[in-house]
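Quick look at structure.tsv (TSV, C-alpha atoms):
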```tsv
chain	number	residue	atom	x	y	z
A	1	MET	CA	171.60	55.95	155.09
A	2	SER	CA	171.91	53.87	152.01
A	3	VAL	CA	168.84	52.19	150.58
A	4	GLY	CA	170.92	49.09	149.85
A	5	ARG	CA	169.86	45.60	150.81
A	6	ARG	CA	170.76	45.75	154.52
A	7	ALA	CA	168.69	48.90	155.06
A	8	PHE	CA	165.53	46.81	154.69
A	9	VAL	CA	166.35	43.97	157.07
A	10	GLY	CA	164.18	43.79	160.17
A	11	GLY	CA	162.00	46.55	161.57
A	12	ALA	CA	158.31	46.18	162.17
A	13	ALA	CA	157.03	48.77	159.72
A	14	VAL	CA	159.61	49.79	157.18
A	15	LEU	CA	157.23	50.97	154.47
A	16	GLY	CA	158.06	51.26	150.84
A	17	LEU	CA	156.55	53.54	148.25
A	18	ALA	CA	152.87	53.37	147.48
A	19	GLY	CA	151.99	51.50	144.34
A	20	ALA	CA	149.01	51.53	142.04
A	21	VAL	CA	146.65	49.96	144.58
A	22	GLY	CA	145.75	52.01	147.64
A	23	GLY	CA	148.55	52.34	150.17
A	24	ARG	CA	150.33	49.11	149.41
A	25	ALA	CA	154.08	49.38	149.48
A	26	LEU	CA	156.04	49.56	146.27
A	27	PHE	CA	158.83	47.74	148.05
A	28	ALA	CA	158.29	45.54	151.07
A	29	SER	CA	160.35	45.28	154.23
A	30	GLY	CA	162.73	42.39	154.75
A	31	SER	CA	165.99	41.41	153.10
A	32	ALA	CA	166.18	41.77	149.36
A	33	PRO	CA	167.13	38.91	147.06
A	34	SER	CA	170.20	39.33	144.92
A	35	ARG	CA	169.94	40.30	141.26
A	36	PRO	CA	168.66	37.34	139.20
A	37	PRO	CA	170.64	36.06	136.21
A	38	ALA	CA	169.60	37.40	132.81
A	39	SER	CA	168.03	34.05	131.94
A	40	ALA	CA	165.61	34.41	134.87
A	41	ARG	CA	164.36	37.86	133.97
A	42	THR	CA	160.74	38.03	132.95
A	43	VAL	CA	159.33	39.29	129.68
A	44	PRO	CA	156.51	41.79	130.33
A	45	GLU	CA	152.89	41.14	129.47
A	46	PRO	CA	151.58	41.75	125.92
A	47	THR	CA	150.80	45.21	124.60
A	48	SER	CA	148.03	46.96	126.51
A	49	THR	CA	144.88	48.17	124.81
A	50	THR	CA	144.04	50.56	127.67
A	51	ALA	CA	143.96	54.25	126.75
A	52	ARG	CA	147.31	55.96	126.98
A	53	PRO	CA	147.92	58.71	129.53
A	54	GLN	CA	147.62	62.19	128.11
A	55	SER	CA	150.23	64.92	128.37
A	56	GLN	CA	150.54	66.15	131.95
A	57	ILE	CA	152.91	69.11	131.60
A	58	SER	CA	152.39	72.14	133.78
A	59	PRO	CA	152.80	75.20	131.51
A	60	ALA	CA	153.99	77.44	134.32
A	61	ALA	CA	153.47	75.40	137.42
A	62	PRO	CA	153.05	77.20	140.74
A	63	ILE	CA	155.05	74.30	142.17
A	64	GLU	CA	158.55	75.29	143.17
A	65	ALA	CA	161.04	74.30	140.48
A	66	ILE	CA	164.48	73.16	141.56
A	67	VAL	CA	167.57	72.97	139.38
A	68	PRO	CA	169.77	69.88	139.72
A	69	GLU	CA	173.42	70.62	140.38
A	70	VAL	CA	175.95	70.04	137.63
A	71	ASP	CA	177.51	66.62	138.13
A	72	ASP	CA	181.04	66.45	139.51
A	73	PRO	CA	182.74	63.12	138.66
A	74	SER	CA	184.98	63.48	141.73
A	75	PHE	CA	181.95	62.93	144.00
A	76	ASP	CA	181.13	59.55	145.48
A	77	LEU	CA	178.23	57.63	144.00
A	78	PRO	CA	174.78	58.88	145.04
A	79	ASP	CA	173.31	57.33	148.19
A	80	PRO	CA	169.52	56.73	147.96
A	81	THR	CA	167.51	57.30	151.13
A	82	ARG	CA	165.14	54.85	152.74
A	83	PRO	CA	161.50	54.92	151.70
A	84	PRO	CA	159.53	57.29	153.96
A	85	SER	CA	158.19	55.87	157.21
A	86	ASP	CA	154.96	57.75	156.53
A	87	PRO	CA	154.20	57.68	152.78
A	88	TYR	CA	151.21	59.99	153.35
A	89	GLU	CA	153.26	62.75	155.00
A	90	ASP	CA	152.20	66.20	153.82
A	91	VAL	CA	155.44	67.40	152.23
A	92	ALA	CA	156.23	70.24	149.87
A	93	VAL	CA	155.84	69.26	146.22
A	94	ARG	CA	158.84	70.39	144.20
A	95	ARG	CA	158.82	70.13	140.42
A	96	LEU	CA	162.09	68.93	138.87
A	97	GLY	CA	161.24	69.03	135.18
A	98	THR	CA	159.54	66.70	132.73
A	99	ILE	CA	159.79	63.17	131.39
A	100	ALA	CA	158.84	62.23	127.82
A	101	ILE	CA	158.63	58.74	126.29
A	102	PRO	CA	157.54	59.23	122.67
A	103	SER	CA	156.85	55.56	121.93
A	104	ILE	CA	153.98	55.47	124.46
A	105	GLY	CA	152.87	59.09	124.10
A	106	LEU	CA	153.97	60.07	127.60
A	107	GLU	CA	154.75	63.64	128.63
A	108	HIS	CA	154.56	64.45	132.32
A	109	ASP	CA	156.00	66.62	135.05
A	110	VAL	CA	158.36	64.89	137.46
A	111	PHE	CA	158.83	65.79	141.11
A	112	GLU	CA	161.29	65.33	143.96
A	113	GLY	CA	160.38	62.66	146.50
A	114	VAL	CA	158.61	59.34	146.84
A	115	TRP	CA	155.83	60.19	149.27
A	116	LEU	CA	152.33	59.46	148.03
A	117	THR	CA	151.57	63.16	148.25
A	118	VAL	CA	154.29	63.64	145.63
A	119	ILE	CA	153.73	60.59	143.41
A	120	ASP	CA	150.03	61.39	143.19
A	121	ARG	CA	151.13	64.43	141.16
A	122	GLY	CA	153.46	62.47	138.85
A	123	PRO	CA	156.61	60.33	138.80
A	124	GLY	CA	158.86	61.07	141.76
A	125	HIS	CA	162.64	61.14	141.83
A	126	TRP	CA	163.95	58.85	144.58
A	127	PRO	CA	165.88	61.20	146.92
A	128	GLY	CA	169.58	60.49	147.01
A	129	SER	CA	169.59	58.57	143.73
A	130	ALA	CA	171.35	60.15	140.75
A	131	LEU	CA	169.59	62.98	138.96
A	132	PRO	CA	169.16	62.65	135.18
A	133	GLY	CA	172.52	63.08	133.48
A	134	GLN	CA	174.55	62.33	136.58
A	135	THR	CA	176.72	59.30	137.21
A	136	GLY	CA	174.65	56.65	138.96
A	137	ASN	CA	171.15	55.19	138.77
A	138	SER	CA	168.39	57.80	138.44
A	139	VAL	CA	165.27	56.20	139.97
A	140	PHE	CA	161.68	57.31	139.25
A	141	PRO	CA	158.70	55.39	140.70
A	142	GLY	CA	155.24	56.32	139.46
A	143	HIS	CA	151.60	55.29	139.44
A	144	ARG	CA	150.42	52.84	136.83
A	145	VAL	CA	146.61	52.96	136.96
A	146	THR	CA	145.69	55.70	139.45
A	147	HIS	CA	145.67	59.50	139.29
A	148	SER	CA	147.23	60.56	135.96
A	149	HIS	CA	148.67	56.99	135.58
A	150	PRO	CA	151.92	58.13	133.89
A	151	PHE	CA	153.46	54.64	133.85
A	152	LEU	CA	150.35	52.87	132.55
A	153	ASP	CA	152.10	51.55	129.45
A	154	LEU	CA	155.58	50.71	130.71
A	155	ASP	CA	154.94	47.17	129.48
A	156	ARG	CA	154.87	48.47	125.90
A	157	LEU	CA	158.44	49.73	125.96
A	158	GLY	CA	161.06	47.89	123.96
A	159	ALA	CA	164.83	47.98	123.74
A	160	GLY	CA	165.99	51.21	122.15
A	161	ASP	CA	162.94	53.30	123.02
A	162	GLU	CA	163.93	56.77	124.20
A	163	ILE	CA	163.30	58.20	127.67
A	164	ARG	CA	163.87	61.96	127.73
A	165	PHE	CA	164.21	64.28	130.69
A	166	SER	CA	164.03	68.06	130.47
A	167	MET	CA	165.56	69.52	133.62
A	168	GLY	CA	166.70	72.92	134.77
A	169	ASN	CA	170.28	72.16	133.75
A	170	GLY	CA	169.64	70.53	130.38
A	171	GLU	CA	168.07	67.79	128.28
A	172	PHE	CA	169.02	64.16	128.94
A	173	VAL	CA	168.22	61.15	126.76
A	174	TYR	CA	168.30	57.47	127.74
A	175	ARG	CA	167.47	54.35	125.74
A	176	VAL	CA	165.61	51.37	127.17
A	177	ARG	CA	167.91	48.42	127.81
A	178	GLU	CA	165.57	45.89	129.44
A	179	THR	CA	162.28	45.41	131.25
A	180	LEU	CA	162.11	43.28	134.40
A	181	ILE	CA	159.27	41.89	136.49
A	182	VAL	CA	160.43	41.66	140.11
A	183	SER	CA	159.24	41.14	143.66
A	184	PRO	CA	158.48	44.09	145.95
A	185	LYS	CA	161.52	42.93	147.98
A	186	ASP	CA	163.94	43.34	145.07
A	187	MET	CA	165.59	46.51	146.30
A	188	TRP	CA	168.66	45.94	144.12
A	189	VAL	CA	166.83	47.74	141.30
A	190	VAL	CA	167.68	51.08	142.96
A	191	ASP	CA	171.37	50.21	143.50
A	192	GLN	CA	173.69	52.89	142.18
A	193	THR	CA	175.99	52.30	139.20
A	194	THR	CA	179.32	53.69	138.01
A	195	THR	CA	177.70	54.77	134.74
A	196	PRO	CA	174.57	56.90	134.28
A	197	GLU	CA	171.36	54.92	133.87
A	198	VAL	CA	167.65	55.38	134.60
A	199	THR	CA	165.16	53.12	136.37
A	200	LEU	CA	161.38	53.51	136.08
A	201	ILE	CA	159.24	51.54	138.55
A	202	ALA	CA	155.51	50.81	138.84
A	203	CYS	CA	153.18	48.13	140.18
A	204	HIS	CA	152.53	44.97	138.14
A	205	PRO	CA	150.30	43.61	136.79
A	206	LYS	CA	147.87	46.44	136.23
A	207	HIS	CA	145.38	46.87	139.09
A	208	SER	CA	147.61	44.79	141.36
A	209	ALA	CA	150.55	45.42	143.68
A	210	ARG	CA	151.74	41.80	143.63
A	211	GLN	CA	154.88	42.52	141.58
A	212	ARG	CA	156.82	45.45	140.14
A	213	ILE	CA	157.60	46.32	136.53
A	214	VAL	CA	161.03	47.88	136.21
A	215	VAL	CA	162.37	49.54	133.07
A	216	LYS	CA	166.13	50.09	132.87
A	217	GLY	CA	167.68	52.54	130.42
A	218	ASP	CA	171.22	53.57	129.45
A	219	PHE	CA	172.37	57.18	129.12
A	220	VAL	CA	172.81	58.40	125.53
A	221	THR	CA	173.20	62.18	125.28
A	222	ALA	CA	173.09	65.41	127.28
A	223	THR	CA	172.42	68.92	126.02
A	224	PRO	CA	173.29	71.44	128.77
A	225	SER	CA	171.03	74.43	129.27
A	226	ALA	CA	172.34	77.96	128.72
A	227	ALA	CA	172.50	78.42	132.51
A	228	ALA	CA	174.51	75.22	132.94
A	229	ARG	CA	176.93	76.24	130.17
A	230	ALA	CA	177.39	79.66	131.76
A	231	ALA	CA	178.07	78.07	135.15
A	232	ALA	CA	180.61	75.70	133.61
A	233	ASN	CA	182.36	78.59	131.87
A	234	THR	CA	182.50	80.53	135.14
A	235	ILE	CA	184.03	77.56	136.93
A	236	ALA	CA	186.54	77.02	134.12
A	237	THR	CA	187.54	80.70	134.17
A	238	ALA	CA	187.95	80.66	137.94
A	239	ALA	CA	190.06	77.50	137.73
A	240	GLY	CA	192.22	79.13	135.04
A	241	ASP	CA	192.75	82.21	137.19
A	242	LEU	CA	193.82	80.06	140.13
A	243	ALA	CA	196.29	78.23	137.89
A	244	LEU	CA	197.95	81.56	137.15
```
Let me see the file written as structure tokens.
Amino acid sequence: MSVGRRAFVGGAAVLGLAGAVGGRALFASGSAPSRPPASARTVPEPTSTTARPQSQISPAAPIEAIVPEVDDPSFDLPDPTRPPSDPYEDVAVRRLGTIAIPSIGLEHDVFEGVWLTVIDRGPGHWPGSALPGQTGNSVFPGHRVTHSHPFLDLDRLGAGDEIRFSMGNGEFVYRVRETLIVSPKDMWVVDQTTTPEVTLIACHPKHSARQRIVVKGDFVTATPSAAARAAANTIATAAGDLAL
């Protein structure tokens, strides 16, 4: 089911993702307001002086690595799932790749899923949202002040800063477009788009779950891996043979 606005109307305990403070929801239940006009969007707080997170890259992680499928533009837009009903569910932790944001010194593994048991290890890819490099909105919530606090310094990002993903099928680069401060009910931030973009989400302000800081970035470049190039060549060859 889509994670669009209507998916969060009603229900006694539709829980969102856990934020930086305990088990508080990253997004609350209830209907979500529509996207605010650009003039209403909030400028983030001044530059932090808190220590930056250190590199959190697993050299050869025992965590299962999964390779995103090559995007097919004929597919419908991705369809994000609802937040888990039990954010503490003990689920398998699957490593997708890494995220790097040079301007804030961030390097960290990223994982599949938005359960706390996943996000406690690092930023989690919202299931059903686009994967890096694919058409759509690639959504990654993460902790801001707890555990390895990968998104501690999201407030320091500015327009044009690079967000890089290294995945099993290639390297993907985005550039920051804007930073928003929103309510936990603003589920429109995970809406899918007809162009590739990325959304990073964390609690705001630091040490509080009152609001959310959301960084939006536009896709810039993709460098396919050798495996992805080989797969594309195989598909192209097979298509050529069928055309004969």
Across A:His204, A:Arg212, A:His143, A:His108, the smallest distance to Phe165 in chain A, with all atoms listed in the file counted, is shown by A:His108
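Excluding Thr194 in chain A itself and any same-chain residue fewer than 4 positions from it, the protein and nucleic acid residues within 10 Å of it, counting all atoms listed in the file, are Asp76, Leu77, Pro78, Gln134, Thr135, Gly136 and Asn137 of chain A.
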Judged by all atoms listed in the file, the minimum distance to Ala159 in chain A among A:Val110, A:Gln211, A:Gly217, A:Pro205 is found for A:Gly217
Skip Val190 in chain A itself and residues of its chain fewer than 2 positions away, then list as an MDAnalysis selection string all residues within 8 Å of it, counting all atoms listed in the file. chainID A and resid 3:4 80 129 137 139 187:188 192 199
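Here the question is which of A:Lys216, A:Phe172, A:Thr98, A:Val91 gets nearest to Gly113 in chain A using all atoms listed in the file, and that residue is A:Val91.
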Among A:Ala238, A:Val145, A:Ile119, A:Leu154, Asp90 in chain A is approached most closely, using all atoms listed in the file, by A:Ile119
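You will find CA of Thr234 in chain A at 19.5 Å from CA of Ala222 in chain A.
Taking CA of Gly122 in chain A as the reference point, CA of Asp109 in chain A is found at 6.2 Å.
A straight line drawn from CA of Leu180 in chain A to CA of Cys203 in chain A is 11.7 Å long.
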- prompt: Which residues, written as a ChimeraX atom specification, have at least one atom at most 12 Å from Ile99 in chain A, with all atoms listed in the file counted and residues fewer than 4 positions away on the same chain left out?
  reply: /A:55-58,95,104-111,122-125,132,140,142,150-151,162-167,171-174,198,200
